[in-house]
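See below for data07.cif, which holds mmCIF, C-alpha atoms and all ligand atoms.
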data_work
#
loop_
_atom_site.label_atom_id
_atom_site.label_comp_id
_atom_site.auth_asym_id
_atom_site.auth_seq_id
_atom_site.Cartn_x
_atom_site.Cartn_y
_atom_site.Cartn_z
CA MET A 1 40.83 -31.46 43.11
CA THR A 2 39.25 -28.99 40.68
CA ALA A 3 38.96 -25.36 39.58
CA GLN A 4 42.44 -24.20 40.45
CA LYS A 5 44.15 -21.27 38.78
CA THR A 6 47.67 -20.72 37.53
CA ARG A 7 49.66 -17.64 38.48
CA THR A 8 48.35 -15.92 35.35
CA GLY A 9 44.75 -16.76 36.20
CA VAL A 10 44.18 -19.66 33.79
CA SER A 11 41.80 -22.29 35.21
CA PHE A 12 42.87 -25.90 35.30
CA ASP A 13 41.88 -29.17 36.92
CA ALA A 14 44.27 -31.61 38.55
CA GLN A 15 43.78 -35.21 39.54
CA GLY A 16 45.61 -37.14 42.23
CA ASP A 17 48.20 -35.86 44.69
CA LEU A 18 51.31 -36.06 42.52
CA SER A 19 54.04 -33.52 43.16
CA ASP A 20 54.64 -30.90 40.49
CA ASP A 21 57.91 -32.57 39.51
CA GLN A 22 56.24 -35.95 39.14
CA ARG A 23 53.53 -34.48 36.92
CA VAL A 24 56.16 -33.14 34.56
CA ILE A 25 58.06 -36.43 34.60
CA ASN A 26 54.90 -38.38 33.81
CA ALA A 27 53.97 -36.03 30.99
CA MET A 28 57.46 -36.12 29.48
CA HIS A 29 57.57 -39.88 29.67
CA ALA A 30 54.23 -40.21 27.89
CA PHE A 31 55.22 -37.65 25.26
CA VAL A 32 58.46 -39.47 24.53
CA LYS A 33 56.66 -42.79 24.26
CA ASP A 34 54.32 -41.28 21.70
CA PHE A 35 57.05 -39.93 19.43
CA GLY A 36 56.99 -42.45 16.62
CA LEU A 37 58.52 -41.80 13.22
CA SER A 38 55.50 -39.93 11.86
CA ALA A 39 55.33 -37.62 14.90
CA ALA A 40 59.05 -36.93 14.56
CA VAL A 41 58.71 -36.11 10.86
CA HIS A 42 55.81 -33.80 11.64
CA MET A 43 57.80 -32.05 14.35
CA GLU A 44 60.67 -31.38 11.96
CA SER A 45 58.59 -30.32 8.98
CA CYS A 46 56.90 -27.09 10.07
CA VAL A 47 57.92 -24.14 7.90
CA HIS A 48 55.96 -21.65 10.01
CA CYS A 49 53.81 -20.51 7.10
CA GLY A 50 50.91 -19.68 9.40
CA LEU A 51 48.22 -21.29 7.24
CA CYS A 52 47.03 -23.52 10.06
CA ALA A 53 46.37 -20.43 12.19
CA LYS A 54 43.97 -19.15 9.54
CA ALA A 55 42.16 -22.48 9.52
CA CYS A 56 41.60 -22.79 13.26
CA HIS A 57 38.25 -21.34 14.30
CA PHE A 58 39.49 -20.73 17.86
CA HIS A 59 42.19 -18.47 16.48
CA VAL A 60 40.01 -16.92 13.77
CA MET A 61 37.34 -15.91 16.28
CA THR A 62 39.65 -14.61 19.01
CA LYS A 63 42.67 -13.38 16.99
CA ASP A 64 44.67 -14.45 20.02
CA PRO A 65 48.02 -15.97 18.97
CA LYS A 66 47.90 -18.43 21.84
CA TYR A 67 45.15 -20.28 19.97
CA THR A 68 47.21 -20.98 16.85
CA PRO A 69 47.44 -24.73 16.26
CA ILE A 70 51.21 -24.72 16.37
CA ASN A 71 51.21 -22.96 19.76
CA LYS A 72 48.96 -25.69 21.11
CA LEU A 73 51.84 -28.11 20.53
CA LYS A 74 54.52 -26.07 22.29
CA PRO A 75 55.26 -28.28 25.36
CA PHE A 76 54.97 -31.37 23.16
CA LYS A 77 57.51 -29.90 20.75
CA LYS A 78 59.86 -28.95 23.60
CA ALA A 79 59.76 -32.56 24.80
CA TYR A 80 60.66 -33.70 21.30
CA GLN A 81 63.51 -31.22 20.92
CA ARG A 82 65.00 -31.90 24.37
CA HIS A 83 64.66 -35.66 24.52
CA VAL A 84 64.07 -37.26 21.13
CA GLY A 85 65.09 -35.12 18.16
CA PRO A 86 68.44 -35.58 16.40
CA PHE A 87 69.82 -32.42 18.06
CA SER A 88 68.43 -33.09 21.52
CA LEU A 89 71.92 -33.05 23.02
CA PHE A 90 72.51 -29.52 21.77
CA TYR A 91 69.05 -28.38 22.78
CA ARG A 92 69.77 -29.52 26.33
CA PHE A 93 73.37 -28.36 26.47
CA PHE A 94 72.60 -24.83 25.25
CA ASN A 95 69.14 -24.82 26.81
CA LEU A 96 67.66 -23.93 23.41
CA ALA A 97 64.38 -25.57 24.36
CA PRO A 98 63.94 -24.91 28.09
CA ALA A 99 62.47 -27.73 30.14
CA VAL A 100 58.70 -27.90 30.34
CA THR A 101 57.38 -26.72 33.70
CA THR A 102 54.29 -27.76 35.63
CA GLU A 103 52.99 -24.22 35.29
CA GLU A 104 53.19 -24.55 31.51
CA LEU A 105 51.34 -27.85 31.57
CA LYS A 106 48.61 -26.37 33.76
CA GLU A 107 48.16 -23.44 31.39
CA TRP A 108 48.32 -25.81 28.45
CA GLN A 109 45.27 -27.75 29.64
CA GLU A 110 42.94 -25.04 28.39
CA LEU A 111 44.69 -24.96 25.03
CA ILE A 112 44.68 -28.61 24.09
CA PHE A 113 41.40 -29.65 25.70
CA ASP A 114 39.11 -26.61 25.73
CA SER A 115 40.49 -24.86 22.65
CA CYS A 116 40.74 -27.71 20.19
CA ASN A 117 37.85 -29.89 19.10
CA MET A 118 40.12 -31.91 16.81
CA CYS A 119 38.20 -30.78 13.74
CA GLY A 120 41.29 -31.38 11.58
CA ARG A 121 41.01 -28.15 9.56
CA CYS A 122 44.63 -27.28 10.41
CA THR A 123 45.73 -30.74 9.28
CA LEU A 124 43.89 -30.41 5.97
CA ILE A 125 45.38 -27.05 5.10
CA CYS A 126 49.00 -27.67 6.16
CA PRO A 127 51.19 -27.71 3.02
CA MET A 128 53.68 -29.96 4.80
CA GLY A 129 51.05 -32.56 5.64
CA ILE A 130 51.55 -32.17 9.38
CA ASP A 131 48.78 -33.93 11.24
CA ILE A 132 48.36 -31.38 14.00
CA ALA A 133 45.09 -32.86 15.25
CA GLU A 134 46.80 -36.22 15.72
CA LEU A 135 49.65 -34.56 17.61
CA VAL A 136 47.15 -32.80 19.87
CA LYS A 137 45.60 -36.19 20.59
CA GLU A 138 49.00 -37.64 21.49
CA ALA A 139 49.80 -34.63 23.65
CA ARG A 140 46.58 -35.26 25.58
CA HIS A 141 47.93 -38.68 26.57
CA GLY A 142 50.78 -36.95 28.39
CA MET A 143 48.37 -34.65 30.18
CA PHE A 144 46.38 -37.65 31.32
CA ALA A 145 49.53 -39.30 32.67
CA ALA A 146 50.30 -36.07 34.53
CA GLY A 147 46.85 -35.96 36.11
CA LEU A 148 46.13 -32.67 34.37
CA ILE A 149 43.00 -33.20 32.32
CA PRO A 150 39.63 -31.42 32.68
CA GLU A 151 37.74 -32.90 35.60
CA ARG A 152 34.74 -33.78 33.42
CA LEU A 153 36.99 -36.12 31.41
CA ALA A 154 38.58 -37.55 34.53
CA LEU A 155 35.08 -38.31 35.83
CA MET A 156 34.22 -40.08 32.57
CA ASP A 157 37.42 -42.08 32.89
CA ARG A 158 36.62 -43.13 36.46
CA THR A 159 33.05 -44.00 35.51
CA THR A 160 34.13 -46.02 32.50
CA ARG A 161 36.69 -47.93 34.51
CA ALA A 162 34.14 -48.69 37.21
CA TRP A 163 31.16 -49.62 35.05
CA GLY A 164 32.40 -50.01 31.50
CA SER A 165 31.22 -48.07 28.49
CA PRO A 166 28.34 -48.77 26.11
CA ALA A 167 30.53 -47.35 23.33
CA LYS A 168 33.12 -50.04 24.01
CA GLY A 169 30.80 -52.98 24.48
CA GLY A 170 31.00 -52.71 28.25
CA THR A 171 34.76 -53.22 28.40
CA PRO A 172 36.37 -50.85 30.88
CA ARG A 173 38.66 -48.51 28.97
CA HIS A 174 40.31 -45.25 29.87
CA VAL A 175 38.73 -42.27 28.30
CA CYS A 176 41.99 -41.04 26.82
CA GLY A 177 42.85 -44.50 25.54
CA TRP A 178 45.80 -44.57 27.90
CA SER A 179 46.55 -46.24 31.20
CA TYR A 180 48.74 -44.90 33.95
CA SER A 181 50.61 -48.19 34.38
CA ARG A 182 51.31 -48.36 30.66
CA THR A 183 52.71 -44.88 30.85
CA VAL A 184 54.84 -44.82 33.95
CA GLY A 185 54.85 -48.05 35.92
CA ALA A 186 55.25 -48.39 39.64
CA ASP A 187 58.82 -47.11 39.87
CA GLY A 188 58.47 -44.04 37.71
CA PRO A 189 59.81 -43.40 34.23
CA HIS A 190 62.43 -45.66 32.73
CA ASP A 191 63.08 -44.12 29.36
CA PRO A 192 66.82 -43.33 29.31
CA ARG A 193 66.19 -40.28 27.13
CA LEU A 194 64.51 -38.63 30.10
CA GLY A 195 67.39 -39.02 32.57
CA GLN A 196 66.80 -39.82 36.22
CA PRO A 197 63.49 -39.33 38.07
CA GLY A 198 63.47 -35.81 39.45
CA ASP A 199 65.48 -34.53 36.50
CA THR A 200 62.58 -32.74 34.91
CA GLY A 201 64.85 -30.78 32.70
CA GLY A 202 66.27 -33.93 31.06
S1 LIG B 1 50.34 -24.93 8.24
FE1 LIG B 1 51.82 -26.59 8.67
S2 LIG B 1 53.82 -25.76 8.03
FE2 LIG B 1 52.40 -24.01 8.20
S3 LIG B 1 52.71 -23.23 10.32
FE3 LIG B 1 51.00 -24.70 10.39
S4 LIG B 1 51.97 -26.67 10.94
FE4 LIG B 1 53.61 -25.31 10.23
S1 LIG B 2 42.15 -29.54 15.04
FE1 LIG B 2 42.24 -28.12 16.79
S2 LIG B 2 43.97 -26.77 16.36
FE2 LIG B 2 43.36 -27.76 14.42
S3 LIG B 2 41.90 -26.34 13.44
FE3 LIG B 2 40.70 -27.82 14.61
S4 LIG B 2 40.39 -26.82 16.62
FE4 LIG B 2 42.08 -25.73 15.61
#

Transcribe the structure of this file into structure tokens.
Ligand code: SF4
Ligand code: SF4
Amino acid sequence: MTAQKTRTGVSFDAQGDLSDDQRVINAMHAFVKDFGLSAAVHMESCVHCGLCAKACHFHVMTKDPKYTPINKLKPFKKAYQRHVGPFSLFYRFFNLAPAVTTEELKEWQELIFDSCNMCGRCTLICPMGIDIAELVKEARHGMFAAGLIPERLALMDRTTRAWGSPAKGGTPRHVCGWSYSRTVGADGPHDPRLGQPGDTGG
């Protein structure tokens, strides 16, 4: 299924026939799995100096705040705050970081796939050493698990799985370096930090 639009008119592609709730669950589960120590440190270290915004050519050219590198990590950061961070209990209890919605993920597709070429300029300039480009890459894994990646990438993934890839010596690999079964499994998410399936708010 391709070329759909969100309520605010942002184009997005969707793969598969997952329900909206299941897409969020899959994304959250993949995000949480990706939060290693370095990602956690990066999430906690931002001092909101704004230097990365001045380094990102998407933001420099458009002046649109939605293209700032740190905004591109918003749903990823919410997942961290609600489910993984040291104050996740408080974030959930007081709803300080509202649950990620499917609508947000759909709008996010344009930001982390079409508006970031992973050039790493934001990473280089960040005084706190936050590897934003790496976090964008990890966030893309969650979007893949949710079936919310640009269709051109989904097609590459299907092609690679069917026929292999010359770049990988002919070994079938997923284009995002991620497999659905590795992410979710047949019975849905199992990470206790995410609560029960259907509890998208955690
Ligand atoms: S440059 Fe680093 S510390 Fe400054 S706003 Fe960007 S991510 Fe945060
Ligand atoms: S890695 Fe992405 S967010 Fe960072 S400067 Fe490059 S395009 Fe912008």

Do you know which residues are within 6 Å of ligand LIG 2 (chain B) using all atoms listed in the file? Can you write them as a PDB file with C-alpha atoms, keeping the file's coordinate frame?
ATOM      1  CA  ALA A  55      42.160 -22.480   9.520  1.00  0.00           C
ATOM      2  CA  CYS A  56      41.600 -22.790  13.260  1.00  0.00           C
ATOM      3  CA  HIS A  57      38.250 -21.340  14.300  1.00  0.00           C
ATOM      4  CA  PRO A  69      47.440 -24.730  16.260  1.00  0.00           C
ATOM      5  CA  CYS A 116      40.740 -27.710  20.190  1.00  0.00           C
ATOM      6  CA  ASN A 117      37.850 -29.890  19.100  1.00  0.00           C
ATOM      7  CA  MET A 118      40.120 -31.910  16.810  1.00  0.00           C
ATOM      8  CA  CYS A 119      38.200 -30.780  13.740  1.00  0.00           C
ATOM      9  CA  GLY A 120      41.290 -31.380  11.580  1.00  0.00           C
ATOM     10  CA  ARG A 121      41.010 -28.150   9.560  1.00  0.00           C
ATOM     11  CA  CYS A 122      44.630 -27.280  10.410  1.00  0.00           C
ATOM     12  CA  ALA A 133      45.090 -32.860  15.250  1.00  0.00           C
TER      13      ALA A 133
END

Neighbouring residues of ligand LIG 1 (chain B) are defined here as those with any atom at most 12 Å from a ligand atom, counting all atoms listed in the file; list them as an mmCIF file with C-alpha atoms, in the frame of the given file.
data_model
loop_
_atom_site.group_PDB
_atom_site.id
_atom_site.type_symbol
_atom_site.label_atom_id
_atom_site.label_comp_id
_atom_site.auth_asym_id
_atom_site.auth_seq_id
_atom_site.Cartn_x
_atom_site.Cartn_y
_atom_site.Cartn_z
ATOM 1 C CA VAL A 41 58.710 -36.110 10.860
ATOM 2 C CA HIS A 42 55.810 -33.800 11.640
ATOM 3 C CA MET A 43 57.800 -32.050 14.350
ATOM 4 C CA GLU A 44 60.670 -31.380 11.960
ATOM 5 C CA SER A 45 58.590 -30.320 8.980
ATOM 6 C CA CYS A 46 56.900 -27.090 10.070
ATOM 7 C CA VAL A 47 57.920 -24.140 7.900
ATOM 8 C CA HIS A 48 55.960 -21.650 10.010
ATOM 9 C CA CYS A 49 53.810 -20.510 7.100
ATOM 10 C CA GLY A 50 50.910 -19.680 9.400
ATOM 11 C CA LEU A 51 48.220 -21.290 7.240
ATOM 12 C CA CYS A 52 47.030 -23.520 10.060
ATOM 13 C CA ALA A 53 46.370 -20.430 12.190
ATOM 14 C CA LYS A 54 43.970 -19.150 9.540
ATOM 15 C CA ALA A 55 42.160 -22.480 9.520
ATOM 16 C CA CYS A 56 41.600 -22.790 13.260
ATOM 17 C CA THR A 68 47.210 -20.980 16.850
ATOM 18 C CA PRO A 69 47.440 -24.730 16.260
ATOM 19 C CA ILE A 70 51.210 -24.720 16.370
ATOM 20 C CA ASN A 71 51.210 -22.960 19.760
ATOM 21 C CA LYS A 72 48.960 -25.690 21.110
ATOM 22 C CA LEU A 73 51.840 -28.110 20.530
ATOM 23 C CA LYS A 74 54.520 -26.070 22.290
ATOM 24 C CA LYS A 77 57.510 -29.900 20.750
ATOM 25 C CA GLY A 120 41.290 -31.380 11.580
ATOM 26 C CA ARG A 121 41.010 -28.150 9.560
ATOM 27 C CA CYS A 122 44.630 -27.280 10.410
ATOM 28 C CA THR A 123 45.730 -30.740 9.280
ATOM 29 C CA LEU A 124 43.890 -30.410 5.970
ATOM 30 C CA ILE A 125 45.380 -27.050 5.100
ATOM 31 C CA CYS A 126 49.000 -27.670 6.160
ATOM 32 C CA PRO A 127 51.190 -27.710 3.020
ATOM 33 C CA MET A 128 53.680 -29.960 4.800
ATOM 34 C CA GLY A 129 51.050 -32.560 5.640
ATOM 35 C CA ILE A 130 51.550 -32.170 9.380
ATOM 36 C CA ASP A 131 48.780 -33.930 11.240
ATOM 37 C CA ILE A 132 48.360 -31.380 14.000
ATOM 38 C CA ALA A 133 45.090 -32.860 15.250
ATOM 39 C CA GLU A 134 46.800 -36.220 15.720
ATOM 40 C CA LEU A 135 49.650 -34.560 17.610
ATOM 41 C CA VAL A 136 47.150 -32.800 19.870
#

Pull the closest atom pair for each residue of stretch 9-66 of chain A that gets at most 8 Å from stretch 87-103 of chain A, along with the distance in Å to one decimal, counting all atoms listed in the file, ordering rows by chain and then ascending residue number, as CSV.
residue,atom,partner,partner_atom,distance
A:Asp20,CA,A:Thr102,CA,5.8
A:Asp21,CA,A:Thr102,CA,7.2
A:Arg23,CA,A:Thr102,CA,6.9
A:Val24,CA,A:Thr102,CA,5.8

Calculated over all atoms listed in the file, which of the candidates A:Gly36, A:Pro75, A:Pro65, A:Pro86 has the smallest distance to A:Met143?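 Nearest to A:Met143: A:Pro75.
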
One decimal place gives the atom CA of A:Gly147-atom CA of A:Gln15 separation as 4.7 Å

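Atom pair atom CA of A:Lys137 / atom CA of A:Pro166 has a distance of 22.1 Å (rounded to one decimal).
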
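Atom pair atom CA of A:Ala145 / atom CA of A:Ala27: separated by 5.8 Å.
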
Of the residues A:Ile149, A:Leu18, A:Val84, A:Ala79, which is the one nearest to A:Ile112, using only C-alpha atoms?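 Using only C-alpha atoms, A:Ile112 sits closest to A:Ile149.
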
Mind working out the centre and edge lengths of an axis-aligned box for stretch 92-97 of chain A, all listed atoms inside, 3 Å added to each side, rounded to one decimal in Å and written as JSON?
{"center_x": 68.9, "center_y": -26.7, "center_z": 25.1, "size_x": 15.0, "size_y": 11.6, "size_z": 9.4}

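With distances taken over all atoms listed in the file, A:Arg140 is the one residue among A:Arg82, A:Lys106, A:Arg140, A:Arg152 lying closest to A:Asp34.
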
At a cut-off of 9 Å, using all atoms listed in the file, what residues contact A:Glu107? Leave out same-chain residues fewer than 3 positions from it and give the result as an MDAnalysis selection string. chainID A and resid 5:6 8:12 102:104 110:111

May I have the selected residues written with C-alpha atoms, as a tab-separated table (two decimals), in the frame of the given file?
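Result file is again_20.tsv:
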chain	number	residue	atom	x	y	z
A	5	LYS	CA	44.15	-21.27	38.78
A	6	THR	CA	47.67	-20.72	37.53
A	8	THR	CA	48.35	-15.92	35.35
A	9	GLY	CA	44.75	-16.76	36.20
A	10	VAL	CA	44.18	-19.66	33.79
A	11	SER	CA	41.80	-22.29	35.21
A	12	PHE	CA	42.87	-25.90	35.30
A	102	THR	CA	54.29	-27.76	35.63
A	103	GLU	CA	52.99	-24.22	35.29
A	104	GLU	CA	53.19	-24.55	31.51
A	110	GLU	CA	42.94	-25.04	28.39
A	111	LEU	CA	44.69	-24.96	25.03
